[in-house]
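Structure file run-v7.txt with compact mmCIF, C-alpha atoms:
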```txt
# COMPACT_ATOMS: atom_id res chain seq x y z
CA MET A 37 13.11 -27.31 -3.48
CA ALA A 38 12.52 -23.86 -4.95
CA GLU A 39 10.27 -21.39 -3.22
CA LEU A 40 6.75 -21.57 -4.66
CA VAL A 41 5.64 -18.17 -5.97
CA PHE A 42 2.40 -16.95 -7.51
CA ARG A 43 2.08 -16.69 -11.29
CA ILE A 44 0.44 -13.29 -10.79
CA ALA A 45 2.26 -11.17 -8.20
CA PRO A 46 -0.23 -10.19 -5.48
CA ASP A 47 1.50 -6.83 -5.06
CA SER A 48 0.78 -6.03 -8.74
CA LEU A 49 -3.00 -6.31 -8.34
CA ASP A 50 -5.45 -3.53 -7.59
CA THR A 51 -8.08 -4.10 -4.89
CA ILE A 52 -10.64 -5.59 -7.27
CA GLY A 53 -8.07 -7.89 -8.87
CA PHE A 54 -6.69 -8.94 -5.50
CA MET A 55 -10.13 -9.79 -4.15
CA ALA A 56 -11.04 -11.65 -7.33
CA GLU A 57 -7.87 -13.74 -7.03
CA PHE A 58 -7.73 -14.27 -3.25
CA GLY A 59 -11.11 -13.33 -1.77
CA GLY A 60 -12.38 -16.91 -1.90
CA ILE A 61 -9.32 -18.69 -0.53
CA TYR A 62 -11.06 -18.98 2.84
CA GLU A 63 -14.53 -20.32 2.04
CA HIS A 64 -17.11 -17.50 1.81
CA SER A 65 -14.87 -15.38 4.07
CA PRO A 66 -13.47 -12.46 2.06
CA TRP A 67 -12.62 -10.70 5.33
CA VAL A 68 -9.38 -12.68 5.41
CA ALA A 69 -8.19 -11.28 2.07
CA GLU A 70 -9.47 -7.84 3.10
CA GLY A 71 -7.27 -8.12 6.20
CA MET A 72 -4.30 -8.84 3.97
CA LEU A 73 -5.03 -5.71 1.93
CA ALA A 74 -5.42 -3.62 5.08
CA GLY A 75 -1.96 -4.75 6.20
CA GLY A 76 -0.43 -3.90 2.83
CA ILE A 77 0.82 -6.21 0.12
CA GLY A 78 4.54 -6.28 -0.65
CA ALA A 79 6.98 -8.20 -2.80
CA GLU A 80 7.46 -10.77 -0.02
CA ASP A 81 3.80 -11.77 -0.54
CA ARG A 82 4.76 -13.32 -3.89
CA SER A 83 5.92 -16.31 -1.81
CA VAL A 84 3.07 -18.76 -1.23
CA SER A 85 4.50 -19.69 2.17
CA HIS A 86 4.66 -16.09 3.32
CA PHE A 87 1.22 -15.27 1.92
CA ALA A 88 -0.37 -18.36 3.50
CA ALA A 89 1.19 -17.58 6.87
CA ARG A 90 -0.15 -14.02 6.75
CA MET A 91 -3.65 -15.22 5.90
CA ALA A 92 -3.53 -17.83 8.67
CA ALA A 93 -2.39 -15.20 11.18
CA ILE A 94 -5.39 -13.03 10.30
CA VAL A 95 -7.73 -15.93 10.98
CA ASP A 96 -5.91 -16.92 14.17
CA ALA A 97 -6.09 -13.34 15.47
CA ALA A 98 -9.84 -13.13 14.85
CA ASP A 99 -12.26 -13.59 17.73
CA ASP A 100 -14.02 -16.90 18.30
CA ASP A 101 -17.26 -15.67 16.70
CA ALA A 102 -15.49 -14.77 13.44
CA ARG A 103 -13.62 -18.08 13.39
CA LEU A 104 -16.84 -20.00 14.11
CA ALA A 105 -18.53 -18.15 11.23
CA LEU A 106 -15.58 -19.16 9.04
CA LEU A 107 -16.07 -22.81 10.00
CA ARG A 108 -19.80 -22.56 9.40
CA ALA A 109 -19.14 -21.15 5.91
CA HIS A 110 -17.76 -24.56 4.88
CA PRO A 111 -20.08 -27.16 3.36
CA GLU A 112 -20.73 -30.58 4.78
CA LEU A 113 -18.76 -33.36 3.11
CA ALA A 114 -21.00 -35.33 0.73
CA GLY A 115 -23.85 -33.28 2.17
CA LYS A 116 -27.10 -31.81 0.93
CA LEU A 117 -25.42 -28.80 -0.68
CA ALA A 118 -23.12 -31.07 -2.70
CA VAL A 119 -26.06 -33.18 -3.88
CA ALA A 120 -27.94 -30.02 -4.90
CA GLY A 121 -24.91 -28.65 -6.79
CA GLY A 122 -24.60 -25.67 -4.46
CA LEU A 123 -20.90 -25.84 -3.59
CA THR A 124 -18.27 -23.33 -4.64
CA ALA A 125 -16.19 -24.43 -7.62
CA GLU A 126 -13.23 -25.03 -5.28
CA SER A 127 -15.25 -27.20 -2.88
CA THR A 128 -16.84 -29.13 -5.75
CA ALA A 129 -13.41 -29.94 -7.21
CA GLU A 130 -11.94 -30.83 -3.81
CA GLN A 131 -14.81 -33.16 -2.88
CA ALA A 132 -14.85 -34.77 -6.34
CA GLY A 133 -11.08 -35.29 -6.14
CA ALA A 134 -11.64 -37.34 -3.00
CA GLY A 135 -14.41 -39.34 -4.67
CA LEU A 136 -17.15 -37.89 -2.49
CA ASP A 137 -19.33 -37.39 -5.55
CA ARG A 138 -19.23 -41.16 -6.08
CA CYS A 139 -20.31 -42.43 -2.65
CA THR A 140 -22.13 -45.72 -2.45
CA PRO A 141 -25.58 -45.48 -0.87
CA GLU A 142 -24.08 -46.92 2.33
CA GLU A 143 -21.24 -44.38 2.36
CA PHE A 144 -23.65 -41.53 1.67
CA ALA A 145 -25.88 -42.70 4.55
CA ARG A 146 -22.82 -42.83 6.84
CA PHE A 147 -21.71 -39.33 5.80
CA THR A 148 -25.24 -38.05 6.41
CA GLU A 149 -25.39 -39.61 9.88
CA LEU A 150 -21.91 -38.33 10.81
CA ASN A 151 -22.65 -34.85 9.44
CA ASP A 152 -25.77 -34.71 11.62
CA ARG A 153 -23.97 -35.98 14.77
CA TYR A 154 -20.96 -33.74 14.25
CA GLY A 155 -23.01 -30.61 13.54
CA ALA A 156 -25.18 -31.18 16.61
CA ARG A 157 -22.11 -31.70 18.81
CA PHE A 158 -19.87 -28.89 17.54
CA GLY A 159 -22.14 -26.34 15.84
CA HIS A 160 -20.21 -26.34 12.57
CA PRO A 161 -19.54 -28.85 9.77
CA PHE A 162 -16.75 -31.40 9.84
CA ILE A 163 -13.79 -29.95 7.97
CA ILE A 164 -10.83 -31.84 6.59
CA ALA A 165 -8.44 -31.06 3.75
CA VAL A 166 -9.54 -33.86 1.44
CA ARG A 167 -6.85 -33.62 -1.24
CA GLY A 168 -4.95 -36.90 -1.35
CA LEU A 169 -7.54 -38.71 0.78
CA GLY A 170 -10.14 -41.26 -0.25
CA ARG A 171 -13.63 -41.81 1.09
CA ALA A 172 -12.45 -44.47 3.56
CA ASP A 173 -9.72 -42.14 4.92
CA ILE A 174 -12.21 -39.31 5.34
CA LEU A 175 -14.79 -41.53 7.04
CA ALA A 176 -12.13 -42.87 9.42
CA ALA A 177 -11.08 -39.32 10.36
CA PHE A 178 -14.72 -38.33 10.74
CA GLU A 179 -15.38 -41.32 13.04
CA SER A 180 -12.34 -40.45 15.13
CA ARG A 181 -12.91 -36.71 15.41
CA VAL A 182 -16.63 -36.80 16.23
CA GLY A 183 -15.56 -37.99 19.71
CA ASN A 184 -13.21 -35.03 20.34
CA ASP A 185 -13.94 -32.45 22.98
CA PRO A 186 -15.21 -29.11 21.57
CA ALA A 187 -11.98 -27.14 22.16
CA THR A 188 -9.81 -29.77 20.50
CA GLU A 189 -12.16 -30.07 17.55
CA PHE A 190 -12.42 -26.29 17.08
CA ALA A 191 -8.61 -26.08 16.91
CA THR A 192 -8.45 -29.10 14.59
CA ALA A 193 -11.08 -27.65 12.26
CA ILE A 194 -9.26 -24.29 12.08
CA ALA A 195 -5.99 -26.12 11.30
CA GLU A 196 -7.75 -28.01 8.49
CA VAL A 197 -9.15 -24.74 7.11
CA HIS A 198 -5.58 -23.42 6.98
CA LYS A 199 -4.49 -26.56 5.08
CA ILE A 200 -7.32 -26.07 2.59
CA ALA A 201 -6.34 -22.42 2.11
CA ARG A 202 -2.68 -23.37 1.60
CA LEU A 203 -3.63 -25.97 -1.02
CA ARG A 204 -5.81 -23.44 -2.83
CA LEU A 205 -2.96 -20.92 -2.83
CA GLU A 206 -0.59 -23.55 -4.21
CA LEU A 207 -3.02 -24.18 -7.07
CA LEU A 208 -2.92 -20.47 -7.91
CA ALA A 209 0.85 -20.65 -8.04
CA GLY A 210 0.56 -23.58 -10.42
```

Take the structure in this file and express it as structure tokens.
Amino acid sequence: MAELVFRIAPDSLDTIGFMAEFGGIYEHSPWVAEGMLAGGIGAEDRSVSHFAARMAAIVDAADDDARLALLRAHPELAGKLAVAGGLTAESTAEQAGAGLDRCTPEEFARFTELNDRYGARFGHPFIIAVRGLGRADILAAFESRVGNDPATEFATAIAEVHKIARLRLELLAG
């Protein structure tokens, strides 16, 4: 399989263009893209794999408070913000792709209850890369993960954020 590369070379963009293209890859967390810029952008960053790994390393090197803020920047799945139309375009498309905009009343009630339990237990929303999953898959993962210990769930949520970022980068590569 050929290496996936961006349609627009990141190293060809000025700061404004770079931030417009990549500033929203990590939900409401432009500091990740800013960290990429601070480290310099080279020809090797045309590779989606390389670029994604660099972004993930910036997040992984951040302190717990910054990573918790990153998790808290994500919306609840099938939550109040989605109902009110307040999601980012990326989150709206991702949730709709998983059918979360078409929940039955029973499913919506279950998502609401799980969102409340999960948020109270962990202090951030449940995060899962929903592409390729259906509502039943997501609810099953939600049910399973709400019982995790906080350290395991924090690590799992960060790993899911990295998956979401990678999928968003792949979309940019087209």

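As for CA of Leu107 in chain A and CA of Ala195 in chain A, they are spaced 10.7 Å apart.
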
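Taking only C-alpha atoms into account, the protein, DNA and RNA residues within 10 Å of (0.1, -15.4, 0.8) read Val41, Phe42, Pro46, Phe58, Ala69, Met72, Ile77, Glu80, Asp81, Arg82, Ser83, Val84, Ser85, His86, Phe87, Ala88, Ala89, Arg90, Met91, Ala92, Ala201, Arg202, Leu205 and Glu206 of chain A.
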
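With distances restricted to only C-alpha atoms, A:Arg103 is the closest residue to Ile194 in chain A from A:Arg43, A:Arg103, A:Arg146, A:Arg157.
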
Using all atoms listed in the file, which protein or nucleic acid residues come within 7 Å of range 165-173 of chain A? Drop anything in the same chain fewer than 6 positions from it, and give the result as an NGL selection string. :A and (130-131 or 133-136 or 196 or 199-200)

One-decimal distance in Å that lies between CA of Pro186 in chain A and CA of Val68 in chain A: 23.8 Å

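Proximity of A:Arg204, A:Arg153, A:His64, A:His160 to Asp101 in chain A, computed with only C-alpha atoms, is greatest for A:His160.
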
Nearest candidate to Glu149 in chain A (options A:Met55, A:Val182, A:Ala125, A:Ile94; using all atoms listed in the file): A:Val182

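Minimum distance to Ala97 in chain A across A:Leu203, A:Gly71, A:Asn151, A:His110 (counting all atoms listed in the file) occurs at A:Gly71.
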
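Comparing A:Asp185, A:Glu63, A:Asp50, A:Asp152 by their smallest distance to Ala105 in chain A, the closest is A:Glu63 (using all atoms listed in the file).
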
Given the point (-9.7, -24.5, 21.6) in the coordinates of this file, which residues lie within 12 Å, counting all atoms listed in the file, and how would they look as a ChimeraX atom specification? /A:96,99-100,103-104,158,184-195

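Checking A:Leu106, A:Ile174, A:Cys139, A:Ile163 one by one against Trp67 in chain A, counting all atoms listed in the file, you find the shortest gap at A:Leu106.
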
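Between CA of Ala102 in chain A and CA of Gly155 in chain A the separation is 17.5 Å.
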